[in-house]
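Below is one structure, written out as structure tokens; comments come after it.
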Amino acid sequence: MKTILFTILLLWLTGTQAQQEISGFVQTRSGDPVPGANVYIQDTYDGGTTDTLGRFSFKTRSTGIQILIVSYMGFETRHIELDLDAGNTFLNKIFLKEAFNELHAVVINAGTFDASDEKKSVMLRPMDIALTAGANGDIFGAFGTLPGSHRVGEEGMLFVRGGEGYETKTFMDGMLIQTPYFSKLPDLPTRGRFSPLLFNGAVFSTGGYSAEFGQALSSVVALNTPPLEPENKSSISLLSVGAQGSHAHRWENTSLALTGEVINTTLTNKIFRPDINWIDDPVVAGSTMMFRHKTSNTGMIRSFASFSYDACRMLYPNFHESVVQDVALRNNNSYINTTYIEQLSKDWVFQAGIAGNLDMDNLQLDQHTINTTKKSGQAKFSFINESFNNVETRMGADYQYFDYHEDIHMDGHFRLPFTTHLIAAFVEPEARLTPSIALRAGIRGEFNSLTQSSYFSPRLSAAVKTGKFSQLSAAYGTFVQNPQDRYLKFTTSLEPEKSEHTILTWQYKQDSRTLRIEAYYKNYRELVKFTDEFSPAPGNFCNDGSGYSRGIDVFWRNQKEFGKSDYWISYSWNDTKRDYRDFPTLAAPYYASAHNVSAVYKRFFPEINSFISATYSFATGRPFFNPNNPDFMTDRTRPFNDISFGFTHIFRLFNTQAVAHIVVNNVFGFENIYGYTYTRVPDSQGVYPSQPVTSPQKRMAVLLLSLQL
């Protein structure tokens with residue numbers, strides 16, 4: 001469903017009280033200066049870089065206890081606690097310890113865009129995700145500006161390198177999120193359930209990912225939650241679409257954070273008048289809980305829980321059937337996740353987790369009702385061993401349970417249930433053979449209760465440094481994933497779908513500039529084929545489908561002046577074809593555009609405490625099936641264009657820190673067409689009439705006012 005949720009709580013941005021200076025020197029253990037190191041206040045845009053003598057100096061309006069982060073490629077990142085209420089701060093010497101596996105040693109990163117892990121290629125931080133214009137504060141929307149992603153405006157999910165949205169799986173602290181998106185209505189995009197500000201990092205892997213992750217055919221998004229809350233704080237946010245509130249409390253070794261929100265799009269719909277006949281405007285009510293407890297110097301328990309309810313009702317013009325339908329959707333979703341990590345000894349780290357997800361959809365279609373319930377559970381444990389010098393081995397086991405039940409009241413009563421159990425184990429050593437060569441080899445084995453079959457998926461990655469600031473990486477792996485629920489509910493005899501990834505990556509990274517060029521080839525096997533999508537007849541569904549996807553991704557990012565100006569440009573070329581579903585031949589699928597371009601620019605103006613952002617997105621036309629054309633899937637839509645802007649201002653209101661934020665999507669009102677719907681029967685001249693699938697609103701703006709209490 002199209003629910004406009006702007007969960008951008010910008011309370012970490014600085015206030016407008018008097019500035020104070022932070023300065024000092026950054027050196028190596030041997031006393032050599034470290035030029036070009038990043039020095040900044042955590043979760044702010046206050047910072048700078050060191051000069052040739054290792055000196056830094058910048059001003060900040062932050063107060064109280066803050067964390068100063070000092071980072072540089074090849075050295076371990078320092079986190080230094082500062083009391084800014086004590087006045088100007090001079091740090092005479094900050095020593096950085098060289099890390100073997102971070103600079104002079106190569107890092108395997110083929111297929112991976114990492115959002116916060118500074119041991120790899122830092123592409124996006126949580127603030128970047130939240131403030132990317134056009135992403136609407138959505139994690140998946142922000143990753144849609146990175147290379148490898150397709151613009152599929154009527155879906156809203158993350159389509160990666162010729163793969164469908166369901167082929168991208170989302171994990172939180174290593175645990176699977178079964179339903180990371182809100183439920184959706186026909187031709188209207190969905191969005192992610194979680195705010196990016198709930199996490200301190202998000203890894204976007206476009207292929208060739210670790211053997212730890214299974215049941216993902218094309219891509220993985222791995223969300224990482226933060227440790228203890230730094231301090232007590234409360235906030236309230238007023239939006240043009242609703243209200244949000246949060247409170248965090250910190251004890252010595254424990255913290256608890258609670259958030260709640262109520263969203264109603266009635267006002268926005270009245271102002272921008274979408275091309276949708278809403279009977280009941282979309283509403284959402286939700287809450288999250290994050291509990292953290294430090295069990296020892298090296299151990300921590302993390303618990304996360306979220307609960308949400310959303311509902312809407314519309315008159316849907318079903319052009320395909322030439323009727324107007326009364327469609328109402330209600331959804332209840334809950335997700336609970338608890339993980340535990342402990343360093344058992346110098347060489348062993350233990351991790352364990354359990355998770356559960358309950359999702360209930362109630363769809364009213366005229367006088368018909370479809371109730372769908374999805375229950376899932378997971379238990380997982382793993383060990384990390386570093387007994388051998390420069391070798392890290394990950395190993396573990398994973399159990400997943402999934403229960404699907406659909407009740408259909410439509411010209412009778414039909415029940416479509418199925419249950420799956422998945423048992424998996426993996427092992428994956430990674431060796432730094434020399435400071436310039438790294439190798440990782442892994443294997444994942446899975447047992448699937450549906451087919452009573454076992455599958456083994458080998459993974460192999462390697463990397464070599466090609467220069468002081470560059471490296472070449474390669475990755476190969478096989479991946480399996482159960483078919484979609486909408487097919488398994490008719491027949492549980494389907495085998496998992498399979499893909500093979502081959503990736504070659506060259507990356508240049510110096511200071512805050514990154515250039516990344518990646519070529520890939522994916523081979524698909526045993527995709528689902530059918531004659532009738534809704535028929536449970538024996539033999540209707542099979543695994544005879546196949547396909548391929550190949551392409552080149554280019555990414556350039558330049559943070560010209562740390563904390564003030566930042567931009568990135570991404571380009572993707574993709575050639576993909578499939579013979580699957582009811583396709584009569586090998587053809588490009590409906591969601592695949594050959595060329596995708598995104599340009600994102602951001603700048604912070606400390607003189608006026610304001611932040612601007614702009615995003616331009618372009619995609620060439622997508623294929624669609626035209627029954628008037630005898631050549632299958634050869635028609636193309638016109639190109640996609642979108643320019644979006646964002647503006648943020650930080651100020652004082654009622655003697656408290658405040659943030660005002662406005663974002664305008666598709667400022668110039670481009671009429672983007674995502675495809676065409678054709679009537680089921682031709683007209684009197686034998687021509688099938690068509691209707692374009694477009695965005696319900698040409699442009700839209702949302703306002704936010706956030707106060708720290």
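Here, A, B, ... name the chains of the structure tokens in the order displayed, residue numbers run from 1 inside each chain, and ligands are numbered from 1 in the same displayed order.
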
*Nearby residues (only C-alpha atoms) at most 10 Å from Gly165 in chain A, same-chain spacing under 2 positions excluded, as a PyMOL selection string*: chain A and resi 150+152+155-160+162-163+167-169+218-219+591

_Residue nearest Ile129 in chain A - candidates A:Phe58, A:Ser613, A:Phe304, A:Thr288, atoms counted: only C-alpha atoms_ =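 The closest residue to Ile129 in chain A is A:Ser613.
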
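Nearest to Asp310 in chain A of all the residues A:Ser195, A:Pro429, A:Lys184, A:Asn389 is A:Lys184, based on only C-alpha atoms.
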
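Residues in contact with Phe530 in chain A at up to 8 Å, not including ones fewer than 5 positions away on its chain and judged by only C-alpha atoms, are A:Asn540, A:Phe541, A:Cys542, A:Tyr580, A:Arg581, A:Asp582.
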
*With a distance cut-off of 8 Å and only C-alpha atoms, select the neighbouring residues of Asn626 in chain A, excluding the residue or stretch itself and same-chain residues fewer than 4 positions from it, and output the selection as a list of chain:residue names.*
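Final neighbour list, sorted by chain and number: A:Phe632, A:Met633, A:Asp635, A:Tyr678.
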
*List every residue of range 178-269 of chain A that DSSP, applied to the backbone of this structure, assigns to alpha helix (DSSP H), and report them as a list in words.*
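Of range 178-269 of chain A, only Thr266, Leu267, Thr268 and Asn269 of chain A fall in alpha helix (DSSP H).
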
Any chance you can output those residues with N, CA and C atoms as a short mmCIF file (atom, residue, chain, number, x, y, z; two decimals), in the first residue's frame?
data_model
loop_
_atom_site.label_atom_id
_atom_site.label_comp_id
_atom_site.auth_asym_id
_atom_site.auth_seq_id
_atom_site.Cartn_x
_atom_site.Cartn_y
_atom_site.Cartn_z
N THR A 266 -4.64 11.99 5.07
CA THR A 266 -5.81 12.74 4.60
C THR A 266 -5.43 14.15 4.14
N LEU A 267 -4.66 14.88 4.97
CA LEU A 267 -4.30 16.26 4.62
C LEU A 267 -3.46 16.30 3.34
N THR A 268 -2.49 15.43 3.25
CA THR A 268 -1.64 15.40 2.06
C THR A 268 -2.45 15.09 0.82
N ASN A 269 -3.38 14.16 0.93
CA ASN A 269 -4.21 13.81 -0.22
C ASN A 269 -5.13 14.95 -0.63
#

_Please extract the residues of range 453-546 of chain A with a backbone DSSP assignment of strand (DSSP E) and present them as a VMD selection string._
chain A and resid 453 to 465 470 to 481 497 to 510 513 to 530 541 to 546

Can you tell me, as a PDB file with all heavy atoms, in the first residue's frame, what residues are no more than 8 Å from range 234-251 of chain A when counting only C-alpha atoms, ignoring any on the same chain fewer than 4 positions away?
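What follows is the written file out.pdb:
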ATOM      1  N   ILE A   4       2.688   7.148   3.060  1.00  0.00           N
ATOM      2  CA  ILE A   4       3.794   8.095   3.068  1.00  0.00           C
ATOM      3  C   ILE A   4       4.280   8.266   4.501  1.00  0.00           C
ATOM      4  O   ILE A   4       3.678   8.966   5.303  1.00  0.00           O
ATOM      5  CB  ILE A   4       3.361   9.443   2.485  1.00  0.00           C
ATOM      6  CG1 ILE A   4       2.662   9.227   1.143  1.00  0.00           C
ATOM      7  CG2 ILE A   4       4.539  10.368   2.315  1.00  0.00           C
ATOM      8  CD1 ILE A   4       3.515   8.512   0.134  1.00  0.00           C
ATOM      9  N   LEU A   5       5.367   7.577   4.844  1.00  0.00           N
ATOM     10  CA  LEU A   5       5.923   7.613   6.199  1.00  0.00           C
ATOM     11  C   LEU A   5       7.275   8.306   6.167  1.00  0.00           C
ATOM     12  O   LEU A   5       8.230   7.760   5.649  1.00  0.00           O
ATOM     13  CB  LEU A   5       6.111   6.186   6.729  1.00  0.00           C
ATOM     14  CG  LEU A   5       4.838   5.375   6.933  1.00  0.00           C
ATOM     15  CD1 LEU A   5       5.200   3.992   7.394  1.00  0.00           C
ATOM     16  CD2 LEU A   5       3.963   6.045   7.951  1.00  0.00           C
ATOM     17  N   PHE A   6       7.336   9.508   6.681  1.00  0.00           N
ATOM     18  CA  PHE A   6       8.611  10.200   6.740  1.00  0.00           C
ATOM     19  C   PHE A   6       9.121  10.149   8.177  1.00  0.00           C
ATOM     20  O   PHE A   6       8.900  11.057   8.971  1.00  0.00           O
ATOM     21  CB  PHE A   6       8.470  11.648   6.266  1.00  0.00           C
ATOM     22  CG  PHE A   6       8.313  11.747   4.801  1.00  0.00           C
ATOM     23  CD1 PHE A   6       7.075  11.568   4.215  1.00  0.00           C
ATOM     24  CD2 PHE A   6       9.408  11.964   3.991  1.00  0.00           C
ATOM     25  CE1 PHE A   6       6.924  11.638   2.860  1.00  0.00           C
ATOM     26  CE2 PHE A   6       9.267  12.032   2.631  1.00  0.00           C
ATOM     27  CZ  PHE A   6       8.015  11.876   2.056  1.00  0.00           C
ATOM     28  N   THR A   7       9.764   9.042   8.537  1.00  0.00           N
ATOM     29  CA  THR A   7      10.265   8.851   9.889  1.00  0.00           C
ATOM     30  C   THR A   7      11.684   9.393  10.007  1.00  0.00           C
ATOM     31  O   THR A   7      12.620   8.676  10.310  1.00  0.00           O
ATOM     32  CB  THR A   7      10.241   7.360  10.241  1.00  0.00           C
ATOM     33  OG1 THR A   7      10.978   6.657   9.230  1.00  0.00           O
ATOM     34  CG2 THR A   7       8.831   6.835  10.253  1.00  0.00           C
ATOM     35  N   LEU A   9      13.713  11.443  12.132  1.00  0.00           N
ATOM     36  CA  LEU A   9      13.913  12.106  13.418  1.00  0.00           C
ATOM     37  C   LEU A   9      15.328  12.668  13.430  1.00  0.00           C
ATOM     38  O   LEU A   9      16.291  11.956  13.647  1.00  0.00           O
ATOM     39  CB  LEU A   9      13.727  11.100  14.560  1.00  0.00           C
ATOM     40  CG  LEU A   9      12.348  10.438  14.596  1.00  0.00           C
ATOM     41  CD1 LEU A   9      12.310   9.405  15.694  1.00  0.00           C
ATOM     42  CD2 LEU A   9      11.276  11.475  14.798  1.00  0.00           C
ATOM     43  N   LEU A  11      17.057  14.581  15.383  1.00  0.00           N
ATOM     44  CA  LEU A  11      17.398  15.243  16.635  1.00  0.00           C
ATOM     45  C   LEU A  11      18.879  15.205  16.961  1.00  0.00           C
ATOM     46  O   LEU A  11      19.319  15.827  17.913  1.00  0.00           O
ATOM     47  CB  LEU A  11      16.613  14.593  17.774  1.00  0.00           C
ATOM     48  CG  LEU A  11      15.106  14.751  17.602  1.00  0.00           C
ATOM     49  CD1 LEU A  11      14.396  14.094  18.741  1.00  0.00           C
ATOM     50  CD2 LEU A  11      14.739  16.215  17.490  1.00  0.00           C
ATOM     51  N   LEU A 228      24.403   0.472  23.285  1.00  0.00           N
ATOM     52  CA  LEU A 228      23.682   1.236  24.302  1.00  0.00           C
ATOM     53  C   LEU A 228      23.397   2.658  23.841  1.00  0.00           C
ATOM     54  O   LEU A 228      24.209   3.277  23.152  1.00  0.00           O
ATOM     55  CB  LEU A 228      24.493   1.281  25.594  1.00  0.00           C
ATOM     56  CG  LEU A 228      24.740  -0.053  26.318  1.00  0.00           C
ATOM     57  CD1 LEU A 228      25.722   0.160  27.447  1.00  0.00           C
ATOM     58  CD2 LEU A 228      23.435  -0.626  26.833  1.00  0.00           C
ATOM     59  N   GLU A 229      22.224   3.184  24.245  1.00  0.00           N
ATOM     60  CA  GLU A 229      21.915   4.585  23.995  1.00  0.00           C
ATOM     61  C   GLU A 229      22.921   5.451  24.759  1.00  0.00           C
ATOM     62  O   GLU A 229      23.262   5.152  25.908  1.00  0.00           O
ATOM     63  CB  GLU A 229      20.503   4.918  24.462  1.00  0.00           C
ATOM     64  CG  GLU A 229      19.412   4.210  23.686  1.00  0.00           C
ATOM     65  CD  GLU A 229      19.236   4.775  22.298  1.00  0.00           C
ATOM     66  OE1 GLU A 229      19.610   5.952  22.091  1.00  0.00           O
ATOM     67  OE2 GLU A 229      18.728   4.052  21.423  1.00  0.00           O
ATOM     68  N   PRO A 230      23.419   6.553  24.160  1.00  0.00           N
ATOM     69  CA  PRO A 230      24.449   7.351  24.849  1.00  0.00           C
ATOM     70  C   PRO A 230      23.928   8.138  26.041  1.00  0.00           C
ATOM     71  O   PRO A 230      24.676   8.414  26.978  1.00  0.00           O
ATOM     72  CB  PRO A 230      24.957   8.287  23.741  1.00  0.00           C
ATOM     73  CG  PRO A 230      23.825   8.375  22.769  1.00  0.00           C
ATOM     74  CD  PRO A 230      23.142   7.040  22.809  1.00  0.00           C
ATOM     75  N   SER A 255      20.074   0.109  28.424  1.00  0.00           N
ATOM     76  CA  SER A 255      19.321   1.220  27.841  1.00  0.00           C
ATOM     77  C   SER A 255      18.027   0.692  27.249  1.00  0.00           C
ATOM     78  O   SER A 255      17.929  -0.482  26.863  1.00  0.00           O
ATOM     79  CB  SER A 255      20.140   1.945  26.769  1.00  0.00           C
ATOM     80  OG  SER A 255      20.312   1.138  25.622  1.00  0.00           O
ATOM     81  N   LEU A 256      17.032   1.572  27.194  1.00  0.00           N
ATOM     82  CA  LEU A 256      15.726   1.240  26.631  1.00  0.00           C
ATOM     83  C   LEU A 256      15.257   2.429  25.809  1.00  0.00           C
ATOM     84  O   LEU A 256      15.262   3.567  26.285  1.00  0.00           O
ATOM     85  CB  LEU A 256      14.714   0.930  27.734  1.00  0.00           C
ATOM     86  CG  LEU A 256      13.277   0.635  27.274  1.00  0.00           C
ATOM     87  CD1 LEU A 256      13.221  -0.660  26.474  1.00  0.00           C
ATOM     88  CD2 LEU A 256      12.332   0.561  28.467  1.00  0.00           C
ATOM     89  N   ALA A 257      14.857   2.165  24.566  1.00  0.00           N
ATOM     90  CA  ALA A 257      14.359   3.217  23.681  1.00  0.00           C
ATOM     91  C   ALA A 257      12.997   2.806  23.148  1.00  0.00           C
ATOM     92  O   ALA A 257      12.813   1.672  22.688  1.00  0.00           O
ATOM     93  CB  ALA A 257      15.331   3.461  22.531  1.00  0.00           C
ATOM     94  N   LEU A 258      12.032   3.730  23.220  1.00  0.00           N
ATOM     95  CA  LEU A 258      10.674   3.479  22.750  1.00  0.00           C
ATOM     96  C   LEU A 258      10.284   4.555  21.742  1.00  0.00           C
ATOM     97  O   LEU A 258      10.598   5.734  21.927  1.00  0.00           O
ATOM     98  CB  LEU A 258       9.684   3.495  23.920  1.00  0.00           C
ATOM     99  CG  LEU A 258       9.934   2.514  25.055  1.00  0.00           C
ATOM    100  CD1 LEU A 258       8.985   2.788  26.211  1.00  0.00           C
ATOM    101  CD2 LEU A 258       9.764   1.072  24.569  1.00  0.00           C
ATOM    102  N   THR A 259       9.610   4.158  20.679  1.00  0.00           N
ATOM    103  CA  THR A 259       9.087   5.116  19.707  1.00  0.00           C
ATOM    104  C   THR A 259       7.648   4.754  19.377  1.00  0.00           C
ATOM    105  O   THR A 259       7.247   3.589  19.489  1.00  0.00           O
ATOM    106  CB  THR A 259       9.910   5.130  18.405  1.00  0.00           C
ATOM    107  OG1 THR A 259       9.729   3.880  17.723  1.00  0.00           O
ATOM    108  CG2 THR A 259      11.377   5.339  18.683  1.00  0.00           C
ATOM    109  N   GLY A 260       6.884   5.747  18.982  1.00  0.00           N
ATOM    110  CA  GLY A 260       5.509   5.527  18.553  1.00  0.00           C
ATOM    111  C   GLY A 260       5.147   6.530  17.473  1.00  0.00           C
ATOM    112  O   GLY A 260       5.697   7.642  17.426  1.00  0.00           O
ATOM    113  N   GLU A 261       4.242   6.152  16.585  1.00  0.00           N
ATOM    114  CA  GLU A 261       3.838   7.060  15.515  1.00  0.00           C
ATOM    115  C   GLU A 261       2.395   6.790  15.107  1.00  0.00           C
ATOM    116  O   GLU A 261       1.886   5.673  15.241  1.00  0.00           O
ATOM    117  CB  GLU A 261       4.745   6.903  14.291  1.00  0.00           C
ATOM    118  CG  GLU A 261       4.649   5.541  13.626  1.00  0.00           C
ATOM    119  CD  GLU A 261       5.549   5.428  12.405  1.00  0.00           C
ATOM    120  OE1 GLU A 261       6.290   6.393  12.121  1.00  0.00           O
ATOM    121  OE2 GLU A 261       5.514   4.383  11.743  1.00  0.00           O
ATOM    122  N   VAL A 262       1.758   7.853  14.637  1.00  0.00           N
ATOM    123  CA  VAL A 262       0.425   7.767  14.043  1.00  0.00           C
ATOM    124  C   VAL A 262       0.480   8.554  12.741  1.00  0.00           C
ATOM    125  O   VAL A 262       0.824   9.739  12.740  1.00  0.00           O
ATOM    126  CB  VAL A 262      -0.666   8.329  14.969  1.00  0.00           C
ATOM    127  CG1 VAL A 262      -2.018   8.291  14.280  1.00  0.00           C
ATOM    128  CG2 VAL A 262      -0.710   7.555  16.279  1.00  0.00           C
ATOM    129  N   ILE A 263       0.155   7.912  11.641  1.00  0.00           N
ATOM    130  CA  ILE A 263       0.232   8.530  10.323  1.00  0.00           C
ATOM    131  C   ILE A 263      -1.152   8.508   9.680  1.00  0.00           C
ATOM    132  O   ILE A 263      -1.837   7.482   9.695  1.00  0.00           O
ATOM    133  CB  ILE A 263       1.229   7.786   9.409  1.00  0.00           C
ATOM    134  CG1 ILE A 263       2.606   7.721  10.074  1.00  0.00           C
ATOM    135  CG2 ILE A 263       1.311   8.447   8.047  1.00  0.00           C
ATOM    136  CD1 ILE A 263       3.265   9.052  10.301  1.00  0.00           C
ATOM    137  N   ASN A 264      -1.544   9.652   9.138  1.00  0.00           N
ATOM    138  CA  ASN A 264      -2.803   9.761   8.399  1.00  0.00           C
ATOM    139  C   ASN A 264      -2.558  10.681   7.204  1.00  0.00           C
ATOM    140  O   ASN A 264      -2.167  11.834   7.368  1.00  0.00           O
ATOM    141  CB  ASN A 264      -3.912  10.320   9.300  1.00  0.00           C
ATOM    142  CG  ASN A 264      -5.282  10.238   8.650  1.00  0.00           C
ATOM    143  OD1 ASN A 264      -5.453  10.599   7.487  1.00  0.00           O
ATOM    144  ND2 ASN A 264      -6.277   9.780   9.407  1.00  0.00           N
ATOM    145  N   THR A 265      -2.791  10.164   6.004  1.00  0.00           N
ATOM    146  CA  THR A 265      -2.459  10.915   4.788  1.00  0.00           C
ATOM    147  C   THR A 265      -3.608  11.776   4.275  1.00  0.00           C
ATOM    148  O   THR A 265      -3.537  12.281   3.155  1.00  0.00           O
ATOM    149  CB  THR A 265      -2.031   9.937   3.679  1.00  0.00           C
ATOM    150  OG1 THR A 265      -3.120   9.056   3.374  1.00  0.00           O
ATOM    151  CG2 THR A 265      -0.836   9.112   4.116  1.00  0.00           C
ATOM    152  N   THR A 266      -4.640  11.993   5.068  1.00  0.00           N
ATOM    153  CA  THR A 266      -5.807  12.741   4.595  1.00  0.00           C
ATOM    154  C   THR A 266      -5.427  14.150   4.139  1.00  0.00           C
ATOM    155  O   THR A 266      -5.818  14.601   3.054  1.00  0.00           O
ATOM    156  CB  THR A 266      -6.871  12.820   5.700  1.00  0.00           C
ATOM    157  OG1 THR A 266      -7.283  11.496   6.052  1.00  0.00           O
ATOM    158  CG2 THR A 266      -8.089  13.602   5.219  1.00  0.00           C
ATOM    159  N   LEU A 267      -4.657  14.885   4.965  1.00  0.00           N
ATOM    160  CA  LEU A 267      -4.300  16.256   4.619  1.00  0.00           C
ATOM    161  C   LEU A 267      -3.458  16.301   3.344  1.00  0.00           C
ATOM    162  O   LEU A 267      -3.705  17.118   2.444  1.00  0.00           O
ATOM    163  CB  LEU A 267      -3.538  16.897   5.781  1.00  0.00           C
ATOM    164  CG  LEU A 267      -3.044  18.332   5.539  1.00  0.00           C
ATOM    165  CD1 LEU A 267      -4.213  19.261   5.259  1.00  0.00           C
ATOM    166  CD2 LEU A 267      -2.230  18.813   6.741  1.00  0.00           C
ATOM    167  N   THR A 268      -2.486  15.432   3.252  1.00  0.00           N
ATOM    168  CA  THR A 268      -1.637  15.399   2.059  1.00  0.00           C
ATOM    169  C   THR A 268      -2.454  15.089   0.817  1.00  0.00           C
ATOM    170  O   THR A 268      -2.261  15.689  -0.249  1.00  0.00           O
ATOM    171  CB  THR A 268      -0.525  14.355   2.233  1.00  0.00           C
ATOM    172  OG1 THR A 268       0.275  14.715   3.361  1.00  0.00           O
ATOM    173  CG2 THR A 268       0.350  14.275   1.000  1.00  0.00           C
ATOM    174  N   VAL A 702       6.223  16.963   1.873  1.00  0.00           N
ATOM    175  CA  VAL A 702       5.905  16.622   3.255  1.00  0.00           C
ATOM    176  C   VAL A 702       6.746  17.494   4.169  1.00  0.00           C
ATOM    177  O   VAL A 702       7.933  17.721   3.927  1.00  0.00           O
ATOM    178  CB  VAL A 702       6.170  15.129   3.533  1.00  0.00           C
ATOM    179  CG1 VAL A 702       6.105  14.849   5.025  1.00  0.00           C
ATOM    180  CG2 VAL A 702       5.160  14.266   2.806  1.00  0.00           C
ATOM    181  N   LEU A 703       6.125  18.003   5.221  1.00  0.00           N
ATOM    182  CA  LEU A 703       6.783  18.854   6.209  1.00  0.00           C
ATOM    183  C   LEU A 703       6.960  18.089   7.514  1.00  0.00           C
ATOM    184  O   LEU A 703       6.125  17.255   7.884  1.00  0.00           O
ATOM    185  CB  LEU A 703       5.952  20.111   6.473  1.00  0.00           C
ATOM    186  CG  LEU A 703       5.697  21.031   5.276  1.00  0.00           C
ATOM    187  CD1 LEU A 703       4.687  22.105   5.663  1.00  0.00           C
ATOM    188  CD2 LEU A 703       6.988  21.649   4.791  1.00  0.00           C
ATOM    189  N   LEU A 704       8.055  18.417   8.225  1.00  0.00           N
ATOM    190  CA  LEU A 704       8.308  17.807   9.520  1.00  0.00           C
ATOM    191  C   LEU A 704       8.880  18.858  10.459  1.00  0.00           C
ATOM    192  O   LEU A 704       9.744  19.648  10.069  1.00  0.00           O
ATOM    193  CB  LEU A 704       9.286  16.634   9.386  1.00  0.00           C
ATOM    194  CG  LEU A 704       9.760  15.959  10.684  1.00  0.00           C
ATOM    195  CD1 LEU A 704       9.965  14.472  10.462  1.00  0.00           C
ATOM    196  CD2 LEU A 704      11.084  16.562  11.171  1.00  0.00           C
ATOM    197  N   LEU A 705       8.385  18.883  11.685  1.00  0.00           N
ATOM    198  CA  LEU A 705       8.934  19.713  12.745  1.00  0.00           C
ATOM    199  C   LEU A 705       9.233  18.816  13.928  1.00  0.00           C
ATOM    200  O   LEU A 705       8.331  18.149  14.457  1.00  0.00           O
ATOM    201  CB  LEU A 705       7.955  20.814  13.160  1.00  0.00           C
ATOM    202  CG  LEU A 705       8.391  21.662  14.362  1.00  0.00           C
ATOM    203  CD1 LEU A 705       9.671  22.432  14.043  1.00  0.00           C
ATOM    204  CD2 LEU A 705       7.274  22.612  14.783  1.00  0.00           C
ATOM    205  N   SER A 706      10.496  18.765  14.334  1.00  0.00           N
ATOM    206  CA  SER A 706      10.917  17.857  15.391  1.00  0.00           C
ATOM    207  C   SER A 706      11.510  18.648  16.546  1.00  0.00           C
ATOM    208  O   SER A 706      12.321  19.561  16.337  1.00  0.00           O
ATOM    209  CB  SER A 706      11.948  16.863  14.850  1.00  0.00           C
ATOM    210  OG  SER A 706      12.239  15.884  15.801  1.00  0.00           O
ATOM    211  N   LEU A 707      11.111  18.310  17.776  1.00  0.00           N
ATOM    212  CA  LEU A 707      11.564  19.001  18.980  1.00  0.00           C
ATOM    213  C   LEU A 707      12.178  18.005  19.938  1.00  0.00           C
ATOM    214  O   LEU A 707      11.626  16.921  20.173  1.00  0.00           O
ATOM    215  CB  LEU A 707      10.396  19.711  19.683  1.00  0.00           C
ATOM    216  CG  LEU A 707       9.618  20.746  18.872  1.00  0.00           C
ATOM    217  CD1 LEU A 707       8.419  21.230  19.675  1.00  0.00           C
ATOM    218  CD2 LEU A 707      10.516  21.907  18.493  1.00  0.00           C
ATOM    219  N   GLN A 708      13.321  18.393  20.517  1.00  0.00           N
ATOM    220  CA  GLN A 708      13.927  17.575  21.560  1.00  0.00           C
ATOM    221  C   GLN A 708      13.467  18.094  22.909  1.00  0.00           C
ATOM    222  O   GLN A 708      13.684  19.265  23.238  1.00  0.00           O
ATOM    223  CB  GLN A 708      15.450  17.619  21.472  1.00  0.00           C
ATOM    224  CG  GLN A 708      16.112  16.680  22.475  1.00  0.00           C
ATOM    225  CD  GLN A 708      17.588  16.541  22.225  1.00  0.00           C
ATOM    226  OE1 GLN A 708      18.135  17.201  21.353  1.00  0.00           O
ATOM    227  NE2 GLN A 708      18.240  15.682  22.969  1.00  0.00           N
ATOM    228  N   LEU A 709      12.831  17.224  23.658  1.00  0.00           N
ATOM    229  CA  LEU A 709      12.242  17.644  24.932  1.00  0.00           C
ATOM    230  C   LEU A 709      13.243  17.551  26.077  1.00  0.00           C
ATOM    231  O   LEU A 709      14.211  16.810  26.004  1.00  0.00           O
ATOM    232  CB  LEU A 709      11.020  16.769  25.235  1.00  0.00           C
ATOM    233  CG  LEU A 709       9.946  16.744  24.140  1.00  0.00           C
ATOM    234  CD1 LEU A 709       8.814  15.828  24.535  1.00  0.00           C
ATOM    235  CD2 LEU A 709       9.435  18.156  23.858  1.00  0.00           C
TER     236      LEU A 709
END

*Which one is closest to Phe611 in chain A: A:Met314, A:Ala599, A:Leu422, A:Val659? Count only C-alpha atoms.*
A:Val659
